[in-house]
>>> print(open('model09.csv').read())   # CSV, C-alpha atoms
chain,number,residue,atom,x,y,z
A,67,MET,CA,4.3,-8.1,7.4
A,68,HIS,CA,7.7,-7.9,9.1
A,69,ASP,CA,7.3,-8.5,12.8
A,70,PHE,CA,10.3,-7.4,14.9
A,71,GLY,CA,8.5,-7.8,18.2
A,72,GLU,CA,8.3,-4.1,19.3
A,73,ILE,CA,8.0,-2.8,15.7
A,74,ILE,CA,5.8,-4.2,13.0
A,75,TYR,CA,6.1,-3.1,9.4
A,76,LEU,CA,3.0,-3.6,7.2
A,77,ASP,CA,4.4,-3.9,3.7
A,78,LEU,CA,1.8,-2.4,1.3
A,79,HIS,CA,2.2,-3.5,-2.4
A,80,LYS,CA,4.2,-1.2,-4.7
A,81,THR,CA,5.3,1.3,-2.1
A,82,GLY,CA,9.0,0.6,-1.8
A,83,SER,CA,8.5,-2.3,0.6
A,84,SER,CA,11.6,-4.2,-0.6
A,85,TYR,CA,13.8,-1.2,0.2
A,86,ILE,CA,12.2,-0.8,3.7
A,87,SER,CA,12.6,-4.5,4.4
A,88,GLU,CA,16.3,-4.4,3.6
A,89,PHE,CA,16.6,-1.3,5.8
A,90,LEU,CA,15.0,-3.1,8.7
A,91,LYS,CA,17.1,-6.2,8.3
A,92,THR,CA,20.3,-4.2,8.0
A,93,CYS,CA,19.7,-1.5,10.7
A,94,CYS,CA,17.2,-2.8,13.3
A,95,LEU,CA,18.6,-4.2,16.6
A,96,LEU,CA,15.5,-6.3,17.1
A,97,THR,CA,15.2,-9.8,15.9
A,98,GLU,CA,12.7,-10.5,13.3
A,99,LYS,CA,10.1,-12.9,14.7
A,100,LYS,CA,7.9,-13.5,11.7
A,101,PHE,CA,7.6,-12.5,8.1
A,102,HIS,CA,4.6,-13.0,5.8
A,103,LYS,CA,4.6,-10.9,2.7
A,104,HIS,CA,1.7,-8.4,2.5
A,105,ASP,CA,-0.1,-10.0,5.4
A,106,TRP,CA,-2.6,-8.2,7.7
A,107,ILE,CA,-3.3,-8.1,11.5
A,108,ARG,CA,-5.8,-10.3,13.2
A,109,GLU,CA,-5.9,-11.5,16.8
A,110,ASN,CA,-2.3,-10.7,17.4
A,111,TYR,CA,-2.7,-7.0,17.4
A,112,ASP,CA,-1.0,-5.3,20.4
A,113,SER,CA,-1.6,-1.6,21.0
A,114,ASN,CA,1.6,-1.4,23.0
A,115,LYS,CA,3.6,-2.2,19.9
A,116,PHE,CA,4.6,0.2,17.1
A,117,TYR,CA,3.0,-0.4,13.7
A,118,PHE,CA,4.0,1.4,10.5
A,119,ILE,CA,3.1,1.2,6.9
A,120,SER,CA,4.4,2.6,3.6
A,121,ILE,CA,2.1,4.3,1.2
A,122,ARG,CA,2.2,5.9,-2.2
A,123,HIS,CA,0.1,8.3,-4.2
A,124,PRO,CA,-2.8,6.3,-5.8
A,125,PHE,CA,-2.1,7.6,-9.3
A,126,SER,CA,1.4,6.3,-9.1
A,127,LEU,CA,0.2,3.0,-7.7
A,128,TYR,CA,-2.0,2.4,-10.7
A,129,SER,CA,0.8,3.3,-13.0
A,130,SER,CA,3.3,1.1,-11.2
A,131,LEU,CA,0.9,-1.9,-11.1
A,132,TYR,CA,0.2,-1.4,-14.8
A,133,ARG,CA,3.9,-1.4,-15.8
A,134,PHE,CA,4.5,-4.3,-13.5
A,135,GLY,CA,1.9,-6.3,-15.4
A,136,LEU,CA,3.3,-5.3,-18.7
A,137,ASP,CA,6.5,-7.0,-17.6
A,138,GLY,CA,4.4,-10.1,-17.0
A,139,LYS,CA,4.7,-9.9,-13.2
A,140,GLY,CA,2.3,-9.8,-10.3
A,141,ASP,CA,-0.7,-11.5,-8.9
A,142,VAL,CA,-3.1,-9.0,-10.6
A,143,ARG,CA,-1.5,-9.8,-13.9
A,144,ASN,CA,-1.9,-13.6,-13.2
A,145,ARG,CA,-5.5,-13.1,-12.2
A,146,LEU,CA,-6.4,-11.2,-15.4
A,147,ARG,CA,-4.6,-13.7,-17.5
A,148,ALA,CA,-6.6,-16.6,-15.8
A,149,SER,CA,-9.9,-14.7,-16.5
A,150,ASN,CA,-8.9,-13.9,-20.1
A,151,ASN,CA,-8.7,-10.2,-19.4
A,152,LEU,CA,-5.2,-9.3,-20.5
A,153,SER,CA,-6.7,-6.9,-23.0
A,154,ALA,CA,-7.0,-4.5,-20.0
A,155,TYR,CA,-3.3,-3.9,-20.5
A,156,SER,CA,-3.8,-2.4,-24.0
A,157,SER,CA,-3.3,1.1,-22.4
A,158,PHE,CA,-2.8,2.7,-19.0
A,159,ASN,CA,-6.3,4.2,-19.2
A,160,SER,CA,-7.8,0.9,-20.2
A,161,PHE,CA,-6.1,-0.8,-17.2
A,162,ALA,CA,-7.2,1.9,-14.8
A,163,ASP,CA,-10.8,1.7,-16.1
A,164,PHE,CA,-10.8,-2.0,-15.7
A,165,LEU,CA,-9.6,-1.9,-12.0
A,166,LEU,CA,-12.1,1.0,-11.2
A,167,ASP,CA,-15.1,-0.8,-12.7
A,168,GLU,CA,-16.9,-2.5,-9.8
A,169,ARG,CA,-18.0,-5.3,-12.0
A,170,ASN,CA,-14.4,-6.5,-12.2
A,171,ALA,CA,-13.7,-6.3,-8.4
A,172,ASN,CA,-14.0,-10.0,-7.7
A,173,LEU,CA,-11.3,-10.7,-10.3
A,174,LEU,CA,-8.6,-8.7,-8.4
A,175,GLY,CA,-8.3,-10.9,-5.3
A,176,TYR,CA,-7.4,-10.0,-1.7
A,177,GLY,CA,-11.1,-10.2,-0.7
A,178,TYR,CA,-12.0,-7.2,-2.8
A,179,ASN,CA,-15.6,-7.4,-4.1
A,180,GLN,CA,-18.2,-5.6,-6.0
A,181,PHE,CA,-19.8,-4.1,-2.9
A,182,TYR,CA,-16.5,-2.7,-1.7
A,183,ALA,CA,-15.7,-1.4,-5.1
A,184,GLN,CA,-18.8,0.8,-5.1
A,185,HIS,CA,-17.2,2.9,-2.4
A,186,ILE,CA,-13.5,2.1,-2.2
A,187,GLY,CA,-10.9,1.9,-4.9
A,188,PHE,CA,-8.6,-1.1,-5.1
A,189,MET,CA,-5.6,0.8,-3.8
A,190,SER,CA,-7.4,2.3,-0.8
A,191,PHE,CA,-8.8,-1.2,-0.1
A,192,ARG,CA,-5.3,-2.6,-0.1
A,193,PHE,CA,-4.2,0.1,2.3
A,194,LEU,CA,-7.2,-0.5,4.6
A,195,LYS,CA,-6.6,-4.2,4.6
A,196,LEU,CA,-3.2,-3.8,6.2
A,197,SER,CA,-4.0,-0.7,8.3
A,198,LEU,CA,-7.0,-2.2,10.2
A,199,GLN,CA,-7.3,-5.1,12.6
A,200,PHE,CA,-10.0,-7.5,11.2
A,201,PRO,CA,-10.3,-5.3,8.1
A,202,HIS,CA,-13.3,-6.9,6.4
A,203,LYS,CA,-15.4,-6.8,9.5
A,204,LYS,CA,-14.7,-3.1,10.0
A,205,ILE,CA,-15.0,-2.1,6.3
A,206,ASP,CA,-18.4,-4.0,6.1
A,207,TYR,CA,-19.7,-2.3,9.2
A,208,ALA,CA,-18.6,1.2,8.0
A,209,LEU,CA,-20.2,0.8,4.6
A,210,LYS,CA,-23.4,-1.0,5.7
A,211,THR,CA,-24.2,1.3,8.6
A,212,LYS,CA,-23.0,4.7,7.2
A,213,GLY,CA,-21.6,4.2,3.8
A,214,ASN,CA,-18.7,6.5,4.9
A,215,ILE,CA,-15.2,5.1,4.5
A,216,GLU,CA,-13.7,8.2,6.0
A,217,ASP,CA,-14.9,7.0,9.4
A,218,LEU,CA,-12.3,4.2,9.1
A,219,HIS,CA,-9.6,6.7,9.7
A,220,ASN,CA,-10.3,6.6,13.4
A,221,LEU,CA,-9.8,2.8,13.5
A,222,LEU,CA,-6.4,2.6,11.8
A,223,ILE,CA,-3.8,0.8,13.9
A,224,THR,CA,-0.8,2.4,12.2
A,225,ASP,CA,1.4,4.8,14.2
A,226,LEU,CA,3.4,6.0,11.2
A,227,GLU,CA,2.9,6.2,7.4
A,228,ILE,CA,6.0,6.5,5.3
A,229,LYS,CA,5.5,7.9,1.9
A,230,ASN,CA,7.2,6.2,-1.1
A,231,GLU,CA,7.9,9.7,-2.4
A,232,ASP,CA,10.3,10.2,0.6
A,233,LEU,CA,11.3,6.8,1.9
A,234,ASN,CA,14.6,8.0,3.3
A,235,GLY,CA,13.0,10.8,5.2
A,236,GLY,CA,10.4,8.6,6.7
A,237,LEU,CA,13.0,5.9,7.7
A,238,ARG,CA,15.2,8.5,9.2
A,239,GLU,CA,12.3,9.8,11.3
A,240,LEU,CA,11.5,6.3,12.5
A,241,ALA,CA,15.1,5.2,13.3
A,242,THR,CA,16.6,8.5,14.6
A,243,GLU,CA,13.7,10.3,16.2
A,244,ILE,CA,10.8,8.0,17.1
A,245,HIS,CA,12.6,4.8,18.1
A,246,PRO,CA,16.4,5.4,17.9
A,247,TYR,CA,17.1,2.8,20.6
A,248,TYR,CA,15.9,0.0,18.3
A,249,PHE,CA,18.4,0.9,15.5
A,250,ARG,CA,22.1,0.9,15.0
A,251,GLN,CA,22.7,4.5,14.2
A,252,ASP,CA,25.9,4.0,12.3
A,253,ALA,CA,24.1,1.5,10.1
A,254,VAL,CA,21.2,3.9,9.6
A,255,ILE,CA,23.5,6.7,8.4
A,256,ASP,CA,25.4,4.3,6.1
A,257,PHE,CA,22.2,2.8,4.6
A,258,LEU,CA,20.4,6.1,4.0
A,259,SER,CA,23.5,7.6,2.4
A,260,ARG,CA,23.5,5.0,-0.4
A,261,THR,CA,21.7,5.4,-3.7
A,262,PRO,CA,18.1,4.1,-3.2
A,263,LYS,CA,17.4,0.9,-4.9
A,264,ILE,CA,14.0,2.1,-6.1
A,265,ASN,CA,13.0,5.1,-8.0
A,266,ALA,CA,10.7,7.3,-5.9
A,267,SER,CA,8.5,9.4,-8.3
A,268,ASN,CA,8.4,13.1,-7.8
A,269,THR,CA,5.1,13.3,-9.7
A,270,THR,CA,1.7,11.9,-9.0
A,271,VAL,CA,1.6,9.8,-12.3
A,272,GLU,CA,4.3,8.6,-14.6
A,273,LYS,CA,4.9,10.9,-17.6
A,274,HIS,CA,4.2,8.3,-20.2
A,275,ASP,CA,0.9,7.2,-18.6
A,276,VAL,CA,-2.2,9.1,-19.7
A,277,MET,CA,-5.5,9.0,-18.0
A,278,SER,CA,-8.8,10.4,-19.4
A,279,ASP,CA,-10.7,13.1,-17.4
A,280,THR,CA,-13.5,10.6,-16.8
A,281,THR,CA,-11.2,7.9,-15.5
A,282,LEU,CA,-9.3,10.5,-13.4
A,283,SER,CA,-12.6,11.7,-11.8
A,284,ILE,CA,-13.6,8.2,-10.9
A,285,LEU,CA,-10.2,7.4,-9.4
A,286,ARG,CA,-10.3,10.6,-7.3
A,287,ASN,CA,-13.6,9.7,-5.9
A,288,LYS,CA,-12.9,6.0,-5.2
A,289,GLU,CA,-9.4,6.5,-3.9
A,290,ARG,CA,-10.3,9.6,-1.8
A,291,LEU,CA,-9.2,7.8,1.4
A,292,LEU,CA,-5.7,7.2,0.2
A,293,LEU,CA,-5.6,10.6,-1.6
A,294,SER,CA,-6.4,12.3,1.8
A,295,LYS,CA,-2.9,11.3,2.9
A,296,TYR,CA,-1.6,13.7,0.2
>>> encode(input="model09.csv", output="structure tokens")
Amino acid sequence: MHDFGEIIYLDLHKTGSSYISEFLKTCCLLTEKKFHKHDWIRENYDSNKFYFISIRHPFSLYSSLYRFGLDGKGDVRNRLRASNNLSAYSSFNSFADFLLDERNANLLGYGYNQFYAQHIGFMSFRFLKLSLQFPHKKIDYALKTKGNIEDLHNLLITDLEIKNEDLNGGLRELATEIHPYYFRQDAVIDFLSRTPKINASNTTVEKHDVMSDTTLSILRNKERLLLSKY
């Protein structure tokens, strides 16, 4: 989470957050008051402030997290190594299967658990954890009273969702249309004219990553909240 006082960026994993962080530090006129990587909102939520988040198609999120782990990086990789489950990386489909299996939910961290995993995929859970104030309390209530995660849409605190697939377009909208007075316009033009430092995928899944029809069906069901953004 990057807190610039009037603007707060919620940096969701594997969505181009490093690029957005650099953009804010380079172009924003506001002083950054606090930074805590991938943190979520608690008592300090203020409805008068502007909250935005970056998102990515869930198929690409699974693919990116898989390849990140193959490079020996990431908290999920460390957790699977600690639990002797590195065999999950034997293929992309095996990795996706492992993460989608509710029996493995407690191994993934971030407060994800088997009860949540019956209804919400890991990527949608990560999104909700940053997009809600007191996320566990609200997720618990939605699932235990109605079992309908779609109801959580009405509780999101985010004012803007920037898609990884069009980072420059989303940042341009933020800095030149929504809140132009918080940004140095010359710096915005200069920054967005550079070659992006990440590769935004134009497809929903990496070409070399193959997912079975069964796994794909489970993913579509469990990640339906995040998929609804696309």
>>> closest_atom_pairs(input="model09.csv", of="segment 137-253 of chain A", to="segment 89-99 of chain A", cutoff="6 Å", atoms="all atoms listed in the file", output="Markdown table")
| residue | atom | partner | partner_atom | distance |
| --- | --- | --- | --- | --- |
| A:Tyr248 | CA | A:Leu95 | CA | 5.3 |
| A:Phe249 | CA | A:Cys94 | CA | 4.5 |
| A:Arg250 | CA | A:Cys93 | CA | 5.5 |
| A:Ala253 | CA | A:Cys93 | CA | 5.4 |
>>> residues_around(input="model09.csv", residues="Phe118 of chain A", least_positions_apart="3", cutoff="8 Å", atoms="all atoms listed in the file", output="ChimeraX atom specification")
/A:73-76,224-228
>>> closest_residue(input="model09.csv", among="A:Arg133, A:Lys288, A:Lys295, A:Leu194", to="Leu165 of chain A", atoms="only C-alpha atoms")
A:Lys288
>>> closest_residue(input="model09.csv", among="A:Gln199, A:Pro246, A:Phe125, A:Ile205", to="Tyr178 of chain A", atoms="all atoms listed in the file")
A:Ile205
>>> closest_residue(input="model09.csv", among="A:Ala183, A:Ile119, A:Leu282, A:Ala154", to="Gly135 of chain A", atoms="all atoms listed in the file")
A:Ala154
>>> closest_residue(input="model09.csv", among="A:Lys139, A:His104, A:Lys80, A:His219", to="Met67 of chain A", atoms="all atoms listed in the file")
A:His104
>>> residues_around(input="model09.csv", residues="Arg122 of chain A", least_positions_apart="6", cutoff="7 Å", atoms="all atoms listed in the file", output="PyMOL selection string")
chain A and resi 81+229-231
>>> atom_distance(input="model09.csv", atom1="atom CA of Arg145 of chain A", atom2="atom CA of Leu174 of chain A")
6.6 Å
>>> closest_residue(input="model09.csv", among="A:Thr281, A:Asp256, A:Asn110, A:His79", to="Gly140 of chain A", atoms="all atoms listed in the file")
A:His79
>>> closest_residue(input="model09.csv", among="A:Glu88, A:Thr211, A:Leu173, A:Tyr132", to="Asn159 of chain A", atoms="only C-alpha atoms")
A:Tyr132
